[in-house]
Each structure stands twice: as C-alpha cells, then as structure tokens.
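Working notes for the structure below.
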Amino acid sequence: MADIDVSKLSITEIDQITCFNNAGELEFIMDEIQEGAINNTQEKVDITGRGGRKIGSLKKNKAVTVTATNGLLVGGALAAQTGTSVEQGSFKVRKTEVAIVNSNKATLTGTPVGTAGAEIGYAYLKNANGSLGKKLEQDATASATGKFAYAASEITFFDGDIPAGSEIVVFYDEEVVSAKISNDSETYSKTLKMYVDVTAQDNCDNLFHGQFIINRADFSGEFDISMGGDPTVHAIEAESLAGGCSGSTNLWDFIVY
C-alpha cells in the first residue's frame, strides 16, 4: 500500500460538517458552508535563569476551536447551540390577519383557537392611513356597543356598525403543523462528535478527501441570528475537549485519503 504524501496539500473546499450524539444518532449536517476554520492554540511560559535570560520554555494548555458559517439556517445546529431538540408536531403561532367587512361580516382564512367565545378577543378598525383605530370586543352576540361575534371562521358585526368595504385587523392564535426549536434558560449547548469533511489538492493537481475528526465538540451557546437586508447566515463555534469515555488526549485527527 502506497503512502499518502501530505507534504504539499492545499485545502480548497469545506464540503460539510456532520455531528452525532453519544448514541451515534445524526444531529445535523451543514453542507452550504461559506467559510470555516480550526483554530489551534497553546500556552508557552518562559523559563529564565541568571540575569533573566531564557533557558527554556514550558508548553501547556493546548486548545482547539472550530468555527464555521453556513449559508442556510440549520435546525439541528440551532438545537445543538441551545441544548434542545427539533420537535415535530402542532404548535400555536400568533397570526395577524386583515379582513374586509361586507354585509356586516368578515371571513378569516385561519382558524383561531382558544377559549370558546374569546378565541379572537379584539378586532381593530383599520384607518385610511394604515394605523389601527376603533377597538371592538368579542362577545356571544354582536351588539351596538362595539361587540362582535365569531363562529366558524366568520366574524359578525352589529348591523350598520362597520361600513361595508372597511378593513379590520385581528390577532389570534392558530395551531399549525410545524417544527419547533426552543431556547430554554435552564438547558445548555451540547457536546457532539464532529466530522469536518474537506477537499484537498496537492501541487501535482491530485485531489484528496480529508476529514477532521473531533470526538468531543463542545458547542458555544453564544450566537446571533441576523435578519434584515442581507441573507441570514448560520455561524457555529465549538471547542474540542480531550478525555471523555475513551480517555483520548487527541483534540482532533486529520485523515487524508
């Protein structure tokens, strides 16, 4: 078997980052990585002799930190940073809906949930300038005192209380089939086994696959979710820990093949 020459390699691309828990279950894959780094540090304390001259050094406290920025938000990575999991099910969200009143009625596209007779609570008449004006309150029946009734996705106003063509704004809870990730104040970021796959090339244009293996990647719980003019990116940071169940002192292994 011929040896792999790793004396002149250039890492040209980060292919993906894959993380697993202690049970060997996949936690997440990041495969739209814009940039990443494996930062390696160690402390060095000088040993001095007569006249303060340096006669040696004491090296200690090696540390490795992995950072990466992905072009897409990855739910499993968010769960690793918050120490939770991605839950699948039906969850409540707060919906804002604008409806048009015709013949003293307005039909909602969603399905409000909550205590019967108070699923919506309040409706607001939209002013011509877009602001919210008159507040109306939900009741069992519509009345001239600014009360409206709701049943089967339909809001009913008292006859003549709201002019035809008026816009109303309502806020209500709706249960939707969804995925949920929580940031619990009493749950902290995870430690996972991480594989960083890269493409490498030597000076003869031969291509290799490389893989950094970090047995205990301790994820940081400090991260930003930026939203606005620029597309959202997902940044992660994890510190490599030695020891663990295997007792290994390795902070990472790099395999090239």
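Residue numbering restarts at 1 in every chain; chains get A, B, ... in the order shown in the structure tokens, and ligands count up from 1 in that same order.
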
- [ ] Taking the chain letters and numbering used in this document, name the residues of region 9-185 of chain A that DSSP puts in helix (DSSP H, G or I), as JSON, numbers by chain.
- [x] {"A": [50, 51, 52, 75, 76, 77, 78, 79, 80, 81, 82]}

Open item on the list: Excluding Val86 (chain A) and its own-chain neighbours fewer than 4 positions away, which residues fall within 7 Å of it when counting only C-alpha atoms? Please give them as a VMD selection string.
Closed with: chain A and resid 75 to 76 79 179 to 181

Task: Residue contacts of Ile162 (chain A) (7 Å, only C-alpha atoms) excluding same-chain residues fewer than 4 positions away, as a PyMOL selection string - done: chain A and resi 104+157+166

Residues from last step as file, C-alpha atoms, as a short mmCIF file (atom, residue, chain, number, x, y, z; two decimals), in the first residue's frame:
data_model
loop_
_atom_site.label_atom_id
_atom_site.label_comp_id
_atom_site.auth_asym_id
_atom_site.auth_seq_id
_atom_site.Cartn_x
_atom_site.Cartn_y
_atom_site.Cartn_z
CA ASN A 104 -71.70 43.12 8.46
CA PHE A 157 -70.76 42.79 13.46
CA SER A 166 -63.87 48.55 5.77
#

TODO: Determine the nearest neighbour of Gly210 (chain A) from the options A:Val256, A:Ile155, A:Val177, A:Ala63, counting only C-alpha atoms.
DONE: A:Val256

- [ ] For Ile14 (chain A), please output as a list in words all residues within 7 Å (counting only C-alpha atoms; exclusion window: fewer than 3 positions along the same chain).
- [x] Ile33, Asp197, Val198 and Thr199 of chain A

Task: Residues within 8 Å of region 241-248 of chain A, only C-alpha atoms, excluding chain neighbours under 2 positions, as a ChimeraX atom specification - done: /A:215-218,239,250-251

TODO: Determine which residues of region 35-188 of chain A receive a DSSP assignment of strand (DSSP E or B), computed from the backbone, and state them as an NGL selection string.
DONE: :A and (35-48 or 54-70 or 87-100 or 102 or 105-107 or 112 or 122-126 or 132-138 or 143 or 147-151 or 154-156 or 167-180)

TODO: In Å, rounded to a single decimal, give me how far CA of Tyr188 (chain A) is from CA of Glu32 (chain A).
DONE: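 Distance reported for this atom pair: 25.5 Å.
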
Task: Selection near Lys126 (chain A), 9 Å with only C-alpha atoms, sequence-local residues under 3 positions removed, as a PyMOL selection string - done: chain A and resi 98+129-134+166-169

Leaving out Ile255 (chain A) and any residue of its chain fewer than 5 positions from it, which residues lie within 9 Å of it when counting only C-alpha atoms, given as a short mmCIF file (atom, residue, chain, number, x, y, z; two decimals) with all heavy atoms, in the first residue's frame?
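After the write, result-v7.cif holds the following:
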data_model
loop_
_atom_site.label_atom_id
_atom_site.label_comp_id
_atom_site.auth_asym_id
_atom_site.auth_seq_id
_atom_site.Cartn_x
_atom_site.Cartn_y
_atom_site.Cartn_z
N HIS A 209 -9.55 13.50 -0.38
CA HIS A 209 -10.60 13.81 0.59
C HIS A 209 -9.94 13.84 1.97
O HIS A 209 -9.14 12.96 2.32
CB HIS A 209 -11.70 12.76 0.57
CG HIS A 209 -12.89 13.15 1.40
ND1 HIS A 209 -13.89 13.97 0.93
CD2 HIS A 209 -13.22 12.87 2.69
CE1 HIS A 209 -14.79 14.16 1.87
NE2 HIS A 209 -14.40 13.50 2.95
N GLY A 210 -10.27 14.88 2.73
CA GLY A 210 -9.74 14.98 4.09
C GLY A 210 -10.87 15.05 5.10
O GLY A 210 -11.97 15.55 4.79
N GLN A 211 -10.62 14.53 6.28
CA GLN A 211 -11.64 14.58 7.32
C GLN A 211 -10.99 14.85 8.67
O GLN A 211 -10.12 14.10 9.12
CB GLN A 211 -12.40 13.25 7.37
CG GLN A 211 -13.60 13.28 8.31
CD GLN A 211 -14.43 12.01 8.20
OE1 GLN A 211 -14.07 10.99 8.76
NE2 GLN A 211 -15.55 12.09 7.48
N PHE A 212 -11.43 15.95 9.28
CA PHE A 212 -11.05 16.25 10.66
C PHE A 212 -12.08 15.58 11.57
O PHE A 212 -13.28 15.79 11.41
CB PHE A 212 -11.02 17.75 10.92
CG PHE A 212 -9.89 18.47 10.25
CD1 PHE A 212 -10.04 19.00 8.97
CD2 PHE A 212 -8.67 18.63 10.90
CE1 PHE A 212 -9.00 19.66 8.35
CE2 PHE A 212 -7.62 19.30 10.28
CZ PHE A 212 -7.79 19.82 9.00
N ILE A 213 -11.61 14.80 12.52
CA ILE A 213 -12.49 14.11 13.46
C ILE A 213 -12.28 14.71 14.84
O ILE A 213 -11.17 14.67 15.38
CB ILE A 213 -12.22 12.60 13.48
CG1 ILE A 213 -12.38 12.01 12.07
CG2 ILE A 213 -13.16 11.90 14.46
CD1 ILE A 213 -11.96 10.55 11.97
#

TODO: Considering only C-alpha atoms, state which residue in the set A:Leu125, A:Asp205, A:Glu174, A:Ala116 is at the smallest distance from Tyr150 (chain A).
DONE: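 Checking each of A:Leu125, A:Asp205, A:Glu174, A:Ala116 against Tyr150 (chain A), counting only C-alpha atoms, the winner is A:Ala116.
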
Open item on the list: For a quick check of understanding, using only C-alpha atoms, which of A:Asp253, A:Glu154, A:Asp3, A:Glu119 has the smallest distance to Glu137 (chain A)?
Closed with: A:Glu119

- [ ] Would you mind reading off the distance between CA of Thr111 (chain A) and CA of Lys147 (chain A), one decimal, in Å?
- [x]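 Here the two named atoms are 19.9 Å from each other.
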
Against region 220-230 of chain A, which residues of region 54-104 of chain A fall within 12 Å? For each one I want the closest pair of atoms and the distance in Å (one decimal), counting only C-alpha atoms, rows by chain and increasing residue number, as JSON lines.
{"residue": "A:Thr65", "atom": "CA", "partner": "A:Ser220", "partner_atom": "CA", "distance": 10.0}
{"residue": "A:Val66", "atom": "CA", "partner": "A:Ser220", "partner_atom": "CA", "distance": 10.2}
{"residue": "A:Thr67", "atom": "CA", "partner": "A:Ser220", "partner_atom": "CA", "distance": 10.0}
{"residue": "A:Ala68", "atom": "CA", "partner": "A:Phe223", "partner_atom": "CA", "distance": 11.7}
{"residue": "A:Thr69", "atom": "CA", "partner": "A:Phe223", "partner_atom": "CA", "distance": 11.1}
{"residue": "A:Asn70", "atom": "CA", "partner": "A:Ile225", "partner_atom": "CA", "distance": 11.9}
{"residue": "A:Gly71", "atom": "CA", "partner": "A:Asp230", "partner_atom": "CA", "distance": 11.2}
{"residue": "A:Leu72", "atom": "CA", "partner": "A:Ile225", "partner_atom": "CA", "distance": 11.1}
{"residue": "A:Leu73", "atom": "CA", "partner": "A:Ile225", "partner_atom": "CA", "distance": 8.9}
{"residue": "A:Val74", "atom": "CA", "partner": "A:Ile225", "partner_atom": "CA", "distance": 11.4}
{"residue": "A:Ala77", "atom": "CA", "partner": "A:Gly221", "partner_atom": "CA", "distance": 10.7}
{"residue": "A:Leu78", "atom": "CA", "partner": "A:Gly221", "partner_atom": "CA", "distance": 9.2}
{"residue": "A:Ala79", "atom": "CA", "partner": "A:Gly221", "partner_atom": "CA", "distance": 9.9}
{"residue": "A:Ala80", "atom": "CA", "partner": "A:Gly221", "partner_atom": "CA", "distance": 8.3}
{"residue": "A:Gln81", "atom": "CA", "partner": "A:Gly221", "partner_atom": "CA", "distance": 4.8}
{"residue": "A:Thr82", "atom": "CA", "partner": "A:Gly221", "partner_atom": "CA", "distance": 6.0}
{"residue": "A:Gly83", "atom": "CA", "partner": "A:Gly221", "partner_atom": "CA", "distance": 8.2}
{"residue": "A:Thr84", "atom": "CA", "partner": "A:Gly221", "partner_atom": "CA", "distance": 11.2}

Give me a file of those residues, with C-alpha atoms, as a compact mmCIF listing (two decimals), in the first residue's frame.
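So out.txt came out as:
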# COMPACT_ATOMS: atom_id res chain seq x y z
CA THR A 65 -11.84 25.94 18.41
CA VAL A 66 -13.87 25.17 15.30
CA THR A 67 -15.82 27.97 13.63
CA ALA A 68 -17.97 27.87 10.51
CA THR A 69 -20.53 29.99 8.71
CA ASN A 70 -23.27 28.29 6.74
CA GLY A 71 -25.34 29.96 4.04
CA LEU A 72 -28.56 28.43 5.36
CA LEU A 73 -30.09 28.14 8.80
CA VAL A 74 -29.80 24.55 10.09
CA ALA A 77 -27.32 23.10 14.67
CA LEU A 78 -29.62 25.58 16.42
CA ALA A 79 -30.70 22.72 18.69
CA ALA A 80 -27.04 21.95 19.44
CA GLN A 81 -26.39 25.60 20.33
CA THR A 82 -29.46 25.81 22.59
CA GLY A 83 -29.13 22.30 24.05
CA THR A 84 -32.60 21.27 22.93

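In terms of minimum interatomic distance to Ser189 (chain A), A:Glu237 ranks closest within A:Asp31, A:Asp139, A:Asp46, A:Glu237, counting only C-alpha atoms.
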
Open item on the list: Under the rule that only C-alpha atoms are counted, which of A:Lys59, A:Lys135, A:Arg50, A:Lys105 is the nearest residue to Val170 (chain A)?
Closed with: A:Lys135

Task: Shortest interatomic distance to Lys62 (chain A) - which of A:Thr107, A:Glu43, A:Asp5, A:Ala235, counting only C-alpha atoms - done: A:Glu43
